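Peer 1: Hey, dropping input_14.cif in here, mmCIF, C-alpha atoms:
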```cif
data_my_file
loop_
_atom_site.label_atom_id
_atom_site.label_comp_id
_atom_site.auth_asym_id
_atom_site.auth_seq_id
_atom_site.Cartn_x
_atom_site.Cartn_y
_atom_site.Cartn_z
CA MET L 1252 -25.90 -9.84 -29.93
CA THR L 1253 -23.53 -8.58 -32.63
CA LEU L 1254 -20.74 -10.74 -34.05
CA LEU L 1255 -18.12 -8.51 -32.41
CA LYS L 1256 -19.77 -8.81 -28.99
CA ARG L 1257 -20.01 -12.58 -29.37
CA LEU L 1258 -16.31 -12.76 -30.17
CA VAL L 1259 -15.43 -10.62 -27.14
CA LEU L 1260 -17.56 -12.87 -24.93
CA LEU L 1261 -15.95 -16.01 -26.37
CA THR L 1262 -12.47 -14.61 -25.77
CA PHE L 1263 -13.40 -13.78 -22.17
CA ILE L 1264 -14.80 -17.26 -21.55
CA LEU L 1265 -11.69 -18.94 -22.95
CA THR L 1266 -9.48 -16.65 -20.86
CA ILE L 1267 -11.31 -17.68 -17.68
CA ALA L 1268 -11.31 -21.37 -18.54
CA PHE L 1269 -7.75 -21.70 -19.83
CA PRO L 1270 -5.62 -18.82 -18.49
CA TYR L 1271 -2.30 -20.62 -18.90
CA GLN L 1272 -2.82 -22.68 -22.05
CA ALA L 1273 -0.29 -23.19 -24.79
CA PHE L 1274 -1.18 -21.35 -27.97
CA ALA L 1275 -0.71 -21.22 -31.70
CA TYR L 1276 -0.28 -17.78 -33.19
CA LYS L 1277 -3.62 -16.24 -34.08
CA ILE L 1278 -3.79 -14.51 -37.45
CA VAL L 1279 -6.57 -12.32 -38.81
CA LEU L 1280 -6.84 -12.40 -42.59
CA ASP L 1281 -8.70 -9.58 -44.27
CA ALA L 1282 -10.02 -9.87 -47.82
CA GLY L 1283 -10.04 -6.28 -49.03
CA HIS L 1284 -13.22 -4.55 -50.22
CA GLY L 1285 -16.46 -6.55 -50.53
CA GLY L 1286 -20.20 -6.03 -50.92
CA SER L 1287 -21.01 -2.60 -52.33
CA ASP L 1288 -17.27 -1.88 -52.65
CA PRO L 1289 -15.90 -3.96 -55.56
CA GLY L 1290 -12.40 -2.50 -55.45
CA ALA L 1291 -10.42 -2.38 -58.70
CA LEU L 1292 -11.87 -3.83 -61.90
CA GLY L 1293 -9.64 -6.04 -64.06
CA LEU L 1294 -9.07 -6.25 -67.80
CA ASN L 1295 -10.59 -9.70 -67.85
CA GLY L 1296 -13.74 -8.73 -65.95
CA LEU L 1297 -12.46 -9.81 -62.55
CA LYS L 1298 -13.49 -7.77 -59.56
CA GLU L 1299 -10.84 -7.17 -56.93
CA LYS L 1300 -13.19 -8.10 -54.07
CA ASP L 1301 -13.63 -11.59 -55.56
CA VAL L 1302 -9.93 -12.14 -56.20
CA ASN L 1303 -9.10 -10.96 -52.68
CA LEU L 1304 -11.60 -13.31 -51.06
CA ASP L 1305 -10.43 -16.33 -53.07
CA ILE L 1306 -6.75 -15.79 -52.22
CA THR L 1307 -7.61 -15.10 -48.59
CA GLN L 1308 -9.61 -18.33 -48.28
CA LYS L 1309 -6.77 -20.29 -49.86
CA LEU L 1310 -4.34 -18.60 -47.48
CA ARG L 1311 -6.56 -19.50 -44.52
CA ASP L 1312 -6.56 -23.16 -45.55
CA GLU L 1313 -2.79 -23.16 -45.98
CA LEU L 1314 -2.11 -21.56 -42.59
CA THR L 1315 -4.61 -23.80 -40.84
CA LYS L 1316 -2.78 -26.86 -42.18
CA ARG L 1317 0.38 -25.46 -40.61
CA GLY L 1318 -1.22 -25.19 -37.17
CA TYR L 1319 -2.07 -21.49 -37.03
CA GLU L 1320 -5.34 -20.21 -35.61
CA VAL L 1321 -6.89 -18.20 -38.43
CA VAL L 1322 -9.89 -15.88 -38.44
CA LEU L 1323 -11.24 -14.05 -41.48
CA THR L 1324 -12.88 -10.64 -41.33
CA ARG L 1325 -15.32 -11.28 -44.15
CA THR L 1326 -16.05 -14.80 -45.38
CA ASP L 1327 -18.43 -13.82 -48.18
CA ASP L 1328 -19.33 -10.87 -50.37
CA THR L 1329 -20.22 -8.46 -47.60
CA TYR L 1330 -19.16 -4.90 -46.88
CA TRP L 1331 -16.97 -4.16 -43.86
CA SER L 1332 -15.83 -0.66 -43.00
CA LEU L 1333 -12.14 -0.18 -42.32
CA ALA L 1334 -12.84 0.60 -38.66
CA GLU L 1335 -14.88 -2.61 -38.33
CA ARG L 1336 -11.96 -4.65 -39.62
CA VAL L 1337 -9.54 -3.13 -37.10
CA ASN L 1338 -11.99 -3.32 -34.18
CA PHE L 1339 -12.76 -6.94 -35.03
CA THR L 1340 -9.05 -7.75 -34.95
CA ASP L 1341 -8.43 -5.93 -31.67
CA ALA L 1342 -11.32 -7.77 -30.01
CA LEU L 1343 -9.79 -11.12 -30.96
CA GLN L 1344 -6.44 -10.24 -29.37
CA ALA L 1345 -4.72 -11.67 -32.42
CA ASP L 1346 -0.99 -11.72 -33.15
CA LEU L 1347 -0.86 -10.69 -36.81
CA PHE L 1348 -3.11 -8.91 -39.30
CA VAL L 1349 -2.74 -9.48 -43.06
CA SER L 1350 -5.00 -7.72 -45.56
CA VAL L 1351 -5.05 -9.15 -49.10
CA HIS L 1352 -5.63 -6.90 -52.10
CA ALA L 1353 -5.06 -6.70 -55.84
CA ASN L 1354 -3.70 -3.50 -57.35
CA SER L 1355 -4.43 -1.08 -60.17
CA HIS L 1356 -2.51 1.79 -61.77
CA PRO L 1357 -3.72 4.47 -64.20
CA ASN L 1358 -0.93 3.81 -66.72
CA GLY L 1359 -2.04 0.20 -67.18
CA THR L 1360 1.54 -1.00 -67.56
CA THR L 1361 2.75 -1.28 -63.97
CA ARG L 1362 2.97 -4.86 -62.77
CA GLY L 1363 4.27 -6.72 -59.74
CA SER L 1364 3.74 -7.25 -56.03
CA MET L 1365 4.25 -4.88 -53.12
CA VAL L 1366 3.49 -4.93 -49.41
CA LEU L 1367 2.33 -1.89 -47.45
CA TYR L 1368 3.02 -1.30 -43.76
CA TYR L 1369 3.00 1.67 -41.39
CA ASP L 1370 6.42 3.23 -40.81
CA ASN L 1371 6.78 5.78 -38.05
CA ASP L 1372 9.77 7.29 -39.85
CA TYR L 1373 7.34 8.47 -42.54
CA PRO L 1374 4.34 9.84 -40.62
CA GLN L 1375 1.52 11.63 -42.41
CA GLU L 1376 0.08 14.53 -40.46
CA ASP L 1377 -3.42 14.10 -41.86
CA TYR L 1378 -3.47 10.35 -41.15
CA PRO L 1379 -2.04 9.80 -37.66
CA ALA L 1380 -1.36 6.25 -36.53
CA SER L 1381 -2.30 4.65 -33.24
CA ASP L 1382 0.39 4.82 -30.58
CA LYS L 1383 0.74 1.06 -30.68
CA MET L 1384 1.33 0.97 -34.44
CA LYS L 1385 4.05 3.59 -34.08
CA GLN L 1386 5.87 1.25 -31.70
CA LEU L 1387 5.23 -1.73 -33.96
CA THR L 1388 6.97 -0.26 -37.02
CA PRO L 1389 10.00 -2.63 -36.94
CA TYR L 1390 7.76 -5.69 -36.44
CA SER L 1391 5.32 -4.77 -39.20
CA LYS L 1392 8.22 -4.01 -41.55
CA ASP L 1393 9.84 -7.35 -40.78
CA LEU L 1394 6.57 -9.17 -41.46
CA ALA L 1395 6.11 -7.21 -44.69
CA GLN L 1396 9.59 -8.15 -45.92
CA HIS L 1397 9.12 -11.85 -45.16
CA VAL L 1398 5.77 -11.93 -46.96
CA LEU L 1399 6.94 -9.96 -49.99
CA ASP L 1400 10.04 -12.10 -50.55
CA SER L 1401 8.08 -15.33 -50.28
CA LEU L 1402 5.18 -14.10 -52.41
CA VAL L 1403 7.28 -13.09 -55.41
CA SER L 1404 9.31 -16.28 -55.12
CA ALA L 1405 6.22 -18.51 -55.12
CA ALA L 1406 4.10 -16.63 -57.69
CA GLY L 1407 6.81 -15.34 -60.03
CA THR L 1408 5.65 -11.73 -59.84
CA LYS L 1409 7.90 -8.69 -60.08
CA ASN L 1410 9.18 -7.41 -56.73
CA LEU L 1411 8.09 -3.78 -56.30
CA GLY L 1412 9.35 -3.57 -52.74
CA LEU L 1413 7.95 -2.42 -49.43
CA VAL L 1414 5.81 0.70 -49.24
CA PRO L 1415 5.52 2.77 -46.04
CA SER L 1416 1.85 3.67 -46.01
CA ALA L 1417 -0.85 5.32 -43.92
CA VAL L 1418 -3.65 3.03 -45.11
CA TYR L 1419 -6.14 2.67 -42.28
CA VAL L 1420 -5.79 -1.05 -41.56
CA ALA L 1421 -1.99 -0.77 -41.38
CA ARG L 1422 -1.84 2.28 -39.10
CA MET L 1423 -4.75 2.00 -36.67
CA GLY L 1424 -4.44 -1.45 -35.11
CA SER L 1425 -2.48 -2.80 -32.18
CA ILE L 1426 -0.55 -5.74 -33.67
CA PRO L 1427 1.93 -6.15 -36.56
CA SER L 1428 -0.14 -5.40 -39.66
CA ILE L 1429 0.44 -5.39 -43.40
CA LEU L 1430 -1.50 -4.96 -46.64
CA VAL L 1431 -0.44 -7.23 -49.50
CA GLU L 1432 -0.91 -6.01 -53.08
CA THR L 1433 -0.61 -9.31 -54.94
CA ALA L 1434 -0.57 -8.05 -58.56
CA PHE L 1435 -2.19 -5.50 -60.92
CA LEU L 1436 -5.64 -6.25 -62.28
CA ASN L 1437 -5.36 -3.71 -65.12
CA GLN L 1438 -2.01 -4.90 -66.50
CA SER L 1439 -2.34 -7.75 -68.98
CA SER L 1440 0.24 -10.26 -67.69
CA ASP L 1441 -0.61 -9.66 -64.02
CA ALA L 1442 -4.34 -9.87 -64.76
CA ALA L 1443 -3.77 -13.25 -66.39
CA LEU L 1444 -2.00 -14.43 -63.24
CA LEU L 1445 -4.82 -13.25 -61.01
CA ALA L 1446 -7.37 -15.00 -63.24
CA SER L 1447 -5.57 -18.33 -62.75
CA ASP L 1448 -6.75 -20.46 -59.85
CA ALA L 1449 -3.37 -22.21 -59.79
CA VAL L 1450 -1.47 -18.92 -59.52
CA ARG L 1451 -3.78 -17.61 -56.81
CA ALA L 1452 -3.00 -20.82 -54.91
CA LYS L 1453 0.72 -20.13 -55.34
CA MET L 1454 0.19 -16.60 -54.04
CA ALA L 1455 -1.53 -18.00 -50.95
CA VAL L 1456 1.34 -20.43 -50.36
CA GLY L 1457 3.87 -17.63 -50.81
CA ILE L 1458 2.15 -15.39 -48.28
CA ALA L 1459 1.87 -18.33 -45.87
CA ASN L 1460 5.58 -19.06 -46.27
CA GLY L 1461 6.37 -15.47 -45.37
CA ILE L 1462 4.19 -15.60 -42.29
CA ALA L 1463 5.78 -18.89 -41.25
CA GLY L 1464 9.24 -17.33 -41.50
CA TYR L 1465 8.29 -14.47 -39.20
CA ALA L 1466 8.16 -14.58 -35.39
CA PRO L 1467 5.71 -12.10 -33.83
CA PRO L 1468 6.92 -10.18 -30.79
CA LEU L 1469 5.94 -11.76 -27.50
CA PHE L 1470 3.17 -9.99 -25.59
CA THR L 1471 2.44 -7.21 -28.07
CA ASP L 1472 0.19 -5.54 -25.47
CA THR L 1473 3.25 -4.77 -23.34
CA LEU L 1474 5.23 -2.96 -26.04
CA GLY L 1475 5.97 0.50 -24.64
CA HIS L 1476 4.62 -0.48 -21.21
CA TRP L 1477 6.62 0.60 -18.15
CA ALA L 1478 6.86 -3.01 -16.89
CA ARG L 1479 7.77 -4.75 -20.16
CA GLU L 1480 11.39 -5.46 -19.22
CA SER L 1481 10.34 -7.03 -15.92
CA ILE L 1482 7.59 -8.98 -17.66
CA MET L 1483 9.99 -10.37 -20.25
CA ARG L 1484 12.62 -11.29 -17.65
CA MET L 1485 10.05 -13.17 -15.60
CA LYS L 1486 8.70 -14.84 -18.74
CA ASN L 1487 12.18 -15.97 -19.70
CA LYS L 1488 12.68 -17.26 -16.17
CA GLY L 1489 9.54 -19.40 -16.52
CA ILE L 1490 7.66 -17.60 -13.75
CA ILE L 1491 4.91 -15.81 -15.65
CA ASP L 1492 2.76 -16.71 -18.62
CA GLY L 1493 0.50 -14.78 -20.91
CA ILE L 1494 -2.96 -15.53 -22.19
CA ASN L 1495 -2.34 -16.66 -25.73
CA ASN L 1496 0.17 -14.02 -26.87
CA GLN L 1497 -1.20 -11.26 -24.64
CA TYR L 1498 -0.08 -10.44 -21.10
CA GLN L 1499 -2.85 -8.01 -20.08
CA PRO L 1500 -0.47 -6.01 -17.88
CA ASP L 1501 -3.02 -3.61 -16.43
CA ARG L 1502 -5.63 -6.19 -15.50
CA ALA L 1503 -6.10 -6.98 -11.81
CA LEU L 1504 -4.27 -10.12 -10.69
CA LYS L 1505 -6.59 -12.89 -9.49
CA ARG L 1506 -6.00 -14.94 -6.37
CA ALA L 1507 -5.59 -18.11 -8.44
CA GLU L 1508 -3.06 -16.44 -10.70
CA PHE L 1509 -1.13 -15.12 -7.70
CA LEU L 1510 -0.86 -18.55 -6.09
CA THR L 1511 0.28 -20.06 -9.38
CA LEU L 1512 3.06 -17.47 -9.64
CA MET L 1513 4.07 -18.06 -6.03
CA ASP L 1514 4.24 -21.81 -6.62
CA ARG L 1515 6.59 -21.23 -9.53
CA ALA L 1516 8.70 -18.74 -7.61
CA PHE L 1517 8.96 -20.61 -4.28
CA SER L 1518 8.06 -24.25 -5.15
CA PHE L 1519 5.25 -25.15 -2.74
CA ASP L 1520 6.20 -28.85 -2.94
CA LYS L 1521 9.68 -28.12 -1.57
CA LEU L 1522 8.32 -25.87 1.14
CA ALA L 1523 5.76 -28.49 2.16
CA ALA L 1524 8.44 -31.17 2.34
CA ALA L 1525 10.52 -28.98 4.65
CA CYS L 1526 7.79 -27.65 6.93
CA THR L 1527 6.86 -29.10 10.31
CA PRO L 1528 3.36 -30.39 11.16
CA SER L 1529 1.16 -27.91 12.98
CA GLY L 1530 1.59 -27.77 16.73
CA THR L 1531 5.21 -28.88 16.99
CA VAL L 1532 6.79 -25.47 16.59
CA THR L 1533 6.14 -22.14 18.23
CA SER L 1534 6.12 -20.03 15.07
CA ALA L 1535 2.88 -20.15 13.10
CA VAL L 1536 4.90 -19.32 10.02
CA TYR L 1537 6.27 -22.85 9.92
CA SER L 1538 3.06 -24.72 10.71
CA CYS L 1539 1.55 -27.02 8.10
CA GLN L 1540 -2.17 -27.54 7.87
CA THR L 1541 -2.76 -31.26 7.56
CA ALA L 1542 -6.57 -31.27 7.53
CA ASP L 1543 -8.15 -31.01 4.11
CA GLN L 1544 -10.78 -28.36 3.60
CA THR L 1545 -13.09 -28.05 0.64
CA TYR L 1546 -14.56 -24.87 -0.75
CA LYS L 1547 -17.81 -24.74 -2.64
CA ASP L 1548 -16.38 -22.46 -5.35
CA LEU L 1549 -13.24 -24.57 -5.92
CA PRO L 1550 -14.21 -27.78 -7.72
CA ALA L 1551 -11.54 -30.37 -8.51
CA SER L 1552 -11.92 -29.49 -12.19
CA TYR L 1553 -10.87 -25.87 -11.64
CA TRP L 1554 -7.55 -25.21 -13.40
CA ALA L 1555 -5.76 -23.99 -10.24
CA SER L 1556 -7.28 -26.47 -7.79
CA PRO L 1557 -3.96 -28.36 -7.31
CA VAL L 1558 -2.05 -25.22 -6.39
CA PHE L 1559 -4.75 -24.22 -3.90
CA ALA L 1560 -4.37 -27.64 -2.27
CA LYS L 1561 -0.64 -27.08 -1.91
CA ALA L 1562 -1.20 -23.57 -0.54
CA GLN L 1563 -3.64 -25.01 1.98
CA GLN L 1564 -0.99 -27.45 3.19
CA LEU L 1565 1.29 -24.48 3.81
CA ASN L 1566 -1.51 -22.69 5.65
CA LEU L 1567 -1.21 -19.71 3.31
CA LEU L 1568 -4.88 -18.99 2.74
CA GLN L 1569 -8.05 -19.27 4.72
CA GLY L 1570 -11.51 -19.42 3.26
CA TYR L 1571 -14.41 -17.11 3.90
CA ALA L 1572 -17.24 -17.66 6.35
CA ASP L 1573 -19.60 -18.61 3.54
CA GLY L 1574 -17.43 -21.60 2.60
CA THR L 1575 -15.77 -20.01 -0.42
CA ILE L 1576 -12.15 -19.27 -1.29
CA ARG L 1577 -12.94 -16.95 -4.24
CA PRO L 1578 -10.16 -17.94 -6.64
CA GLU L 1579 -11.29 -15.47 -9.32
CA GLN L 1580 -11.33 -12.53 -6.93
CA PRO L 1581 -8.62 -9.90 -7.52
CA ILE L 1582 -5.95 -9.88 -4.85
CA THR L 1583 -5.05 -6.66 -3.06
CA ARG L 1584 -1.63 -5.12 -2.68
CA GLY L 1585 -1.78 -5.68 1.06
CA GLU L 1586 -2.61 -9.38 0.62
CA VAL L 1587 0.21 -9.80 -1.88
CA ALA L 1588 2.72 -8.20 0.50
CA TYR L 1589 1.57 -10.32 3.45
CA LEU L 1590 1.69 -13.63 1.58
CA PHE L 1591 4.90 -12.82 -0.28
CA ASP L 1592 6.64 -11.99 2.99
CA ARG L 1593 5.42 -15.23 4.56
CA LEU L 1594 6.76 -17.23 1.63
CA ILE L 1595 10.15 -15.54 1.94
CA GLN L 1596 10.22 -16.55 5.58
CA LEU L 1597 9.21 -20.12 4.78
CA SER L 1598 11.89 -20.39 2.13
CA THR L 1599 14.64 -18.89 4.33
CA LYS L 1600 13.48 -20.20 7.75
CA SER L 1601 13.79 -16.74 9.19
CA GLY L 1602 11.52 -17.57 12.13
CA GLY L 1603 8.93 -14.86 11.83
CA GLN L 1604 8.25 -11.45 10.39
CA SER L 1605 10.86 -8.78 10.90
CA PRO L 1606 10.03 -5.89 13.20
CA ALA L 1607 8.34 -3.12 11.28
CA PRO L 1608 10.52 -0.16 10.43
CA LYS L 1609 9.18 3.31 11.00
CA ALA L 1610 5.99 3.80 9.01
CA THR L 1611 6.55 5.79 5.82
CA PHE L 1612 3.23 5.32 4.03
CA ASP L 1613 0.41 7.55 5.23
CA ASP L 1614 -2.15 4.80 4.51
CA VAL L 1615 -0.21 1.98 6.24
CA PRO L 1616 -0.29 2.59 10.00
CA ALA L 1617 1.90 0.35 12.15
CA ASP L 1618 -1.10 -1.54 13.50
CA LEU L 1619 -2.48 -2.48 10.07
CA TRP L 1620 -2.57 -6.27 9.71
CA SER L 1621 -0.30 -6.17 6.63
CA ALA L 1622 2.01 -3.37 7.81
CA LYS L 1623 4.93 -5.53 8.97
CA ALA L 1624 5.01 -7.37 5.67
CA ILE L 1625 4.69 -4.22 3.59
CA TYR L 1626 7.52 -2.46 5.41
CA ALA L 1627 9.70 -5.57 5.48
CA LEU L 1628 9.43 -5.92 1.70
CA LYS L 1629 9.95 -2.20 1.20
CA GLN L 1630 13.09 -2.32 3.32
CA LYS L 1631 14.38 -5.18 1.16
CA GLY L 1632 13.69 -3.18 -2.01
CA ILE L 1633 11.10 -5.68 -3.24
CA ILE L 1634 7.91 -3.64 -3.13
CA ASN L 1635 7.15 0.00 -3.84
CA GLY L 1636 4.33 2.33 -3.01
CA ILE L 1637 2.02 3.98 -5.51
CA THR L 1638 3.79 7.18 -4.46
CA ASP L 1639 6.48 7.87 -1.86
CA THR L 1640 3.84 8.35 0.81
CA SER L 1641 0.96 6.14 -0.39
CA PHE L 1642 0.88 2.34 -0.66
CA LYS L 1643 -2.88 1.74 -1.17
CA PRO L 1644 -3.02 -1.67 0.53
CA GLU L 1645 -6.67 -2.25 -0.42
CA GLN L 1646 -6.11 -1.51 -4.10
CA THR L 1647 -5.90 -4.54 -6.36
CA MET L 1648 -2.50 -5.61 -7.62
CA THR L 1649 -2.09 -5.50 -11.39
CA ARG L 1650 -0.34 -8.18 -13.42
CA ALA L 1651 2.33 -5.63 -14.37
CA GLU L 1652 2.96 -4.70 -10.72
CA MET L 1653 3.28 -8.39 -9.86
CA ALA L 1654 5.84 -8.94 -12.60
CA ALA L 1655 7.86 -5.96 -11.35
CA LEU L 1656 7.70 -7.22 -7.76
CA LEU L 1657 8.93 -10.65 -8.80
CA ASP L 1658 11.68 -9.10 -10.89
CA ARG L 1659 12.92 -7.07 -7.93
CA TYR L 1660 12.82 -10.17 -5.72
CA PHE L 1661 14.90 -12.27 -8.10
CA THR L 1662 17.41 -9.52 -8.88
CA LYS L 1663 17.80 -7.99 -5.40
#
```
Could you rewrite the structure in this file as structure tokens?
Peer 2:
Amino acid sequence: MTLLKRLVLLTFILTIAFPYQAFAYKIVLDAGHGGSDPGALGLNGLKEKDVNLDITQKLRDELTKRGYEVVLTRTDDTYWSLAERVNFTDALQADLFVSVHANSHPNGTTRGSMVLYYDNDYPQEDYPASDKMKQLTPYSKDLAQHVLDSLVSAAGTKNLGLVPSAVYVARMGSIPSILVETAFLNQSSDAALLASDAVRAKMAVGIANGIAGYAPPLFTDTLGHWARESIMRMKNKGIIDGINNQYQPDRALKRAEFLTLMDRAFSFDKLAAACTPSGTVTSAVYSCQTADQTYKDLPASYWASPVFAKAQQLNLLQGYADGTIRPEQPITRGEVAYLFDRLIQLSTKSGGQSPAPKATFDDVPADLWSAKAIYALKQKGIINGITDTSFKPEQTMTRAEMAALLDRYFTK
């Protein structure tokens, strides 16, 4: 198994095990060049690939001390293609990418530090950027400015400014990305700085200070997404969470995730305190299930086990004939509509589902088990179809669709 595949598998496992954990920003540090590619050669015999790796390792140690999660592309003198560096970063679902380099100029007199980033105001036809990096221009530029200011302050180098650039690692990723040119290896005073272990340590601290002064955008994978505004409103309301700093808007929503969102939106504890024990009322909507039931695929150690117990008390879900509840199974649009409508009724004591309006979705006949709920929510302006005439009740609900539904419910 390749390193990239192992990292993807590890990320998947952590996502399953800890879907709502707190996180520290994850930063990928990239030591430029390496292996058969030495980079620039310095006046004092230094090779750029060695200088880059040393500063990057020092930067890793500095950021780790500050609580960041840091991953390096290369950790030794090996060759990585530019595409491998970007693909590695994307697989990690990181928050920031910082590539460390040393510079060179034919005139041999240019000195100072600069930071490169992709700027969509200066596109290069022959080197197109990814759609995500086009949207990330203001975030990458902000990161570049923070790092440049802190680097020159800490290391005492000349400030050569920001450089809009189409370098591969700055234009082809999916998160705020920059390339730091620390100093010039073929200019005498800069070369002396880069040869000094103490100065390289100062450079690492300077870059770390710049990163610490920068706040990455929340949920970078939703930038430009149709549901971003709804996602951010529900995040700010404390209803939804991401996975680390990703939201994964187009992934199918799992049953466990759905119940967690419903608990936050409707407060199962309050509903349970207000409901009447089963058998004392005529409406099944208000009945509470007092008998405990266990499911063989829902151990007590499962992260959402407590919310399933509360949902069971409210008689929201029933298990399957094989004794499972399938918490990791994606939930369908019909199931979401049915359960959401029931929770509205529980929270408002409306006494049962409203009569179904005239059917408007070709795939939701009036006798479909979820039809009343679907049309009740549609009438309230809470849920939409895939098209004007198609609801697709058996299609799984995405995390983006769920955020939009919640947003409409809270703002209706």
Peer 1: Mind giving me the straight-line distance from CA of Ile1306 in chain L to CA of Gly1363 in chain L in Å, one decimal?
Peer 2: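 According to the coordinates, CA of Ile1306 in chain L and CA of Gly1363 in chain L are separated by 16.1 Å.
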Peer 1: Exactly which residues make up the result of the PyMOL selection byres ((chain L and resi 1587-1590) around 6) on this file, given as an NGL selection string?
Peer 2: :L and (1584-1586 or 1591-1593 or 1621 or 1624-1625)
Peer 1: If the PyMOL selection byres ((chain L and resi 1642) around 12) is run on the structure shown, which residues does it catch, given as a ChimeraX atom specification?
Peer 2: /L:1583-1585,1588,1610-1616,1621-1622,1625-1626,1629,1634-1641,1643-1648
Peer 1: Calculated over all atoms listed in the file, which of the candidates L:Ala1560, L:Ala1405, L:Leu1304, L:Met1365 has the smallest distance to Met1454 in chain L?
Peer 2: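 For Met1454 in chain L, the nearest of the candidates is L:Ala1405.
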Peer 1: Name the residues that the PyMOL selection byres ((chain L and resi 1553) around 12) picks from the file above, as number ranges by chain, using the file's chain letters and numbers.
Peer 2: L: 1267-1270, 1507, 1546-1552, 1554-1560, 1577-1579
Peer 1: Can you tell me, as a list in words, what residues are no more than 7 Å from Asn1496 in chain L when counting only C-alpha atoms, ignoring any on the same chain fewer than 5 positions away?
Peer 2: Asp1346, Leu1469 and Phe1470 of chain L
Peer 1: Within 6 Å of range 1350-1357 of chain L, counting all atoms listed in the file, which residues show up once you throw out same-chain ones fewer than 2 positions away? Write them as a PDB file with C-alpha atoms, keeping the file's coordinate frame, please.
Peer 2:
```
ATOM      1  CA  LEU L1280      -6.840 -12.400 -42.590  1.00  0.00           C
ATOM      2  CA  ASP L1281      -8.700  -9.580 -44.270  1.00  0.00           C
ATOM      3  CA  ALA L1282     -10.020  -9.870 -47.820  1.00  0.00           C
ATOM      4  CA  GLY L1283     -10.040  -6.280 -49.030  1.00  0.00           C
ATOM      5  CA  GLU L1299     -10.840  -7.170 -56.930  1.00  0.00           C
ATOM      6  CA  ASN L1303      -9.100 -10.960 -52.680  1.00  0.00           C
ATOM      7  CA  GLY L1359      -2.040   0.200 -67.180  1.00  0.00           C
ATOM      8  CA  LEU L1430      -1.500  -4.960 -46.640  1.00  0.00           C
ATOM      9  CA  VAL L1431      -0.440  -7.230 -49.500  1.00  0.00           C
ATOM     10  CA  GLU L1432      -0.910  -6.010 -53.080  1.00  0.00           C
ATOM     11  CA  THR L1433      -0.610  -9.310 -54.940  1.00  0.00           C
ATOM     12  CA  ALA L1434      -0.570  -8.050 -58.560  1.00  0.00           C
ATOM     13  CA  PHE L1435      -2.190  -5.500 -60.920  1.00  0.00           C
ATOM     14  CA  LEU L1436      -5.640  -6.250 -62.280  1.00  0.00           C
ATOM     15  CA  ASN L1437      -5.360  -3.710 -65.120  1.00  0.00           C
TER      16      ASN L1437
END
```
Peer 1: Work out how far apart CA of Lys1663 in chain L and CA of Leu1512 in chain L are and give it in Å to one decimal.
Peer 2: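 CA of Lys1663 in chain L sits 18.0 Å away from CA of Leu1512 in chain L.
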Peer 1: Fewer than 6 positions away in the same chain doesn't count, so skip those; otherwise give me all residues within 12 Å of range 1374-1387 of chain L, counting only C-alpha atoms, as an MDAnalysis selection string.
Peer 2: chainID L and resid 1337 1341 1346:1348 1368 1393:1394 1415:1429 1467:1476
Peer 1: Within 6 Å of range 1479-1482 of chain L, counting all atoms listed in the file, which residues show up once you throw out same-chain ones fewer than 6 positions away? Write them as a ChimeraX atom specification, please.
Peer 2: /L:1473,1654-1655,1658
Peer 1: Considering only C-alpha atoms, can you say which of L:Gln1596, L:Gln1497, L:Gln1308, L:Ser1287 comes closest to Val1456 in chain L?
Peer 2: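 The answer is L:Gln1308, which sits nearest to Val1456 in chain L.
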Peer 1: Record the distance separating CA of Asp1520 in chain L and CA of Ser1598 in chain L, expressed in Å with one decimal.
Peer 2: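 Here the two named atoms are 11.4 Å from each other.
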Peer 1: Pull the neighbourhood of (-4.5, -13.5, -62.9) for me: all residues within 12 Å in file coordinates, counting all atoms listed in the file, as a ChimeraX atom specification.
Peer 2: /L:1293-1299,1301-1303,1305-1306,1353-1354,1362-1363,1406-1408,1433-1454
Peer 1: Using all atoms listed in the file, determine which residues lie at most 10 Å from Leu1594 in chain L, disregarding the query and same-chain residues fewer than 3 positions distant; provide the list as a list in words.
Peer 2: Met1513, Asp1514, Ala1516, Phe1517, Ser1518, Phe1519, Leu1522, Val1536, Leu1565, Leu1567, Ala1588, Tyr1589, Leu1590, Phe1591, Leu1597, Ser1598, Thr1599 and Lys1600 of chain L
Peer 1: For Thr1340 in chain L, which residue among L:Arg1325, L:Ala1455, L:Ala1523, L:Lys1505 is the nearest when counting only C-alpha atoms?
Peer 2: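 Answer, going by the shortest atom-to-atom distance: L:Arg1325.
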Peer 1: Check the smallest atom-to-atom distance from each of L:Tyr1465, L:Tyr1571, L:Tyr1330, L:Phe1661 to Ile1595 in chain L using only C-alpha atoms, then report the winner.
Peer 2: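 Among the listed residues, L:Phe1661 lies closest to Ile1595 in chain L.
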Peer 1: Within 9 Å of (2.7, -15.5, -45.0) (file coordinates; only C-alpha atoms), which protein or nucleic acid residues are there? I'd like them as a list in words.
Peer 2: Leu1310, Leu1314, Val1349, Leu1394, Ala1395, His1397, Val1398, Leu1399, Ser1401, Leu1402, Ala1455, Val1456, Gly1457, Ile1458, Ala1459, Asn1460, Gly1461, Ile1462, Ala1463, Gly1464 and Tyr1465 of chain L
Peer 1: Point out the residue among L:Gly1493, L:Phe1339, L:Asp1618, L:Gln1569 with the least atom-to-atom distance to Leu1323 in chain L, counting only C-alpha atoms.
Peer 2: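 Counting only C-alpha atoms, the residue closest to Leu1323 in chain L is L:Phe1339.
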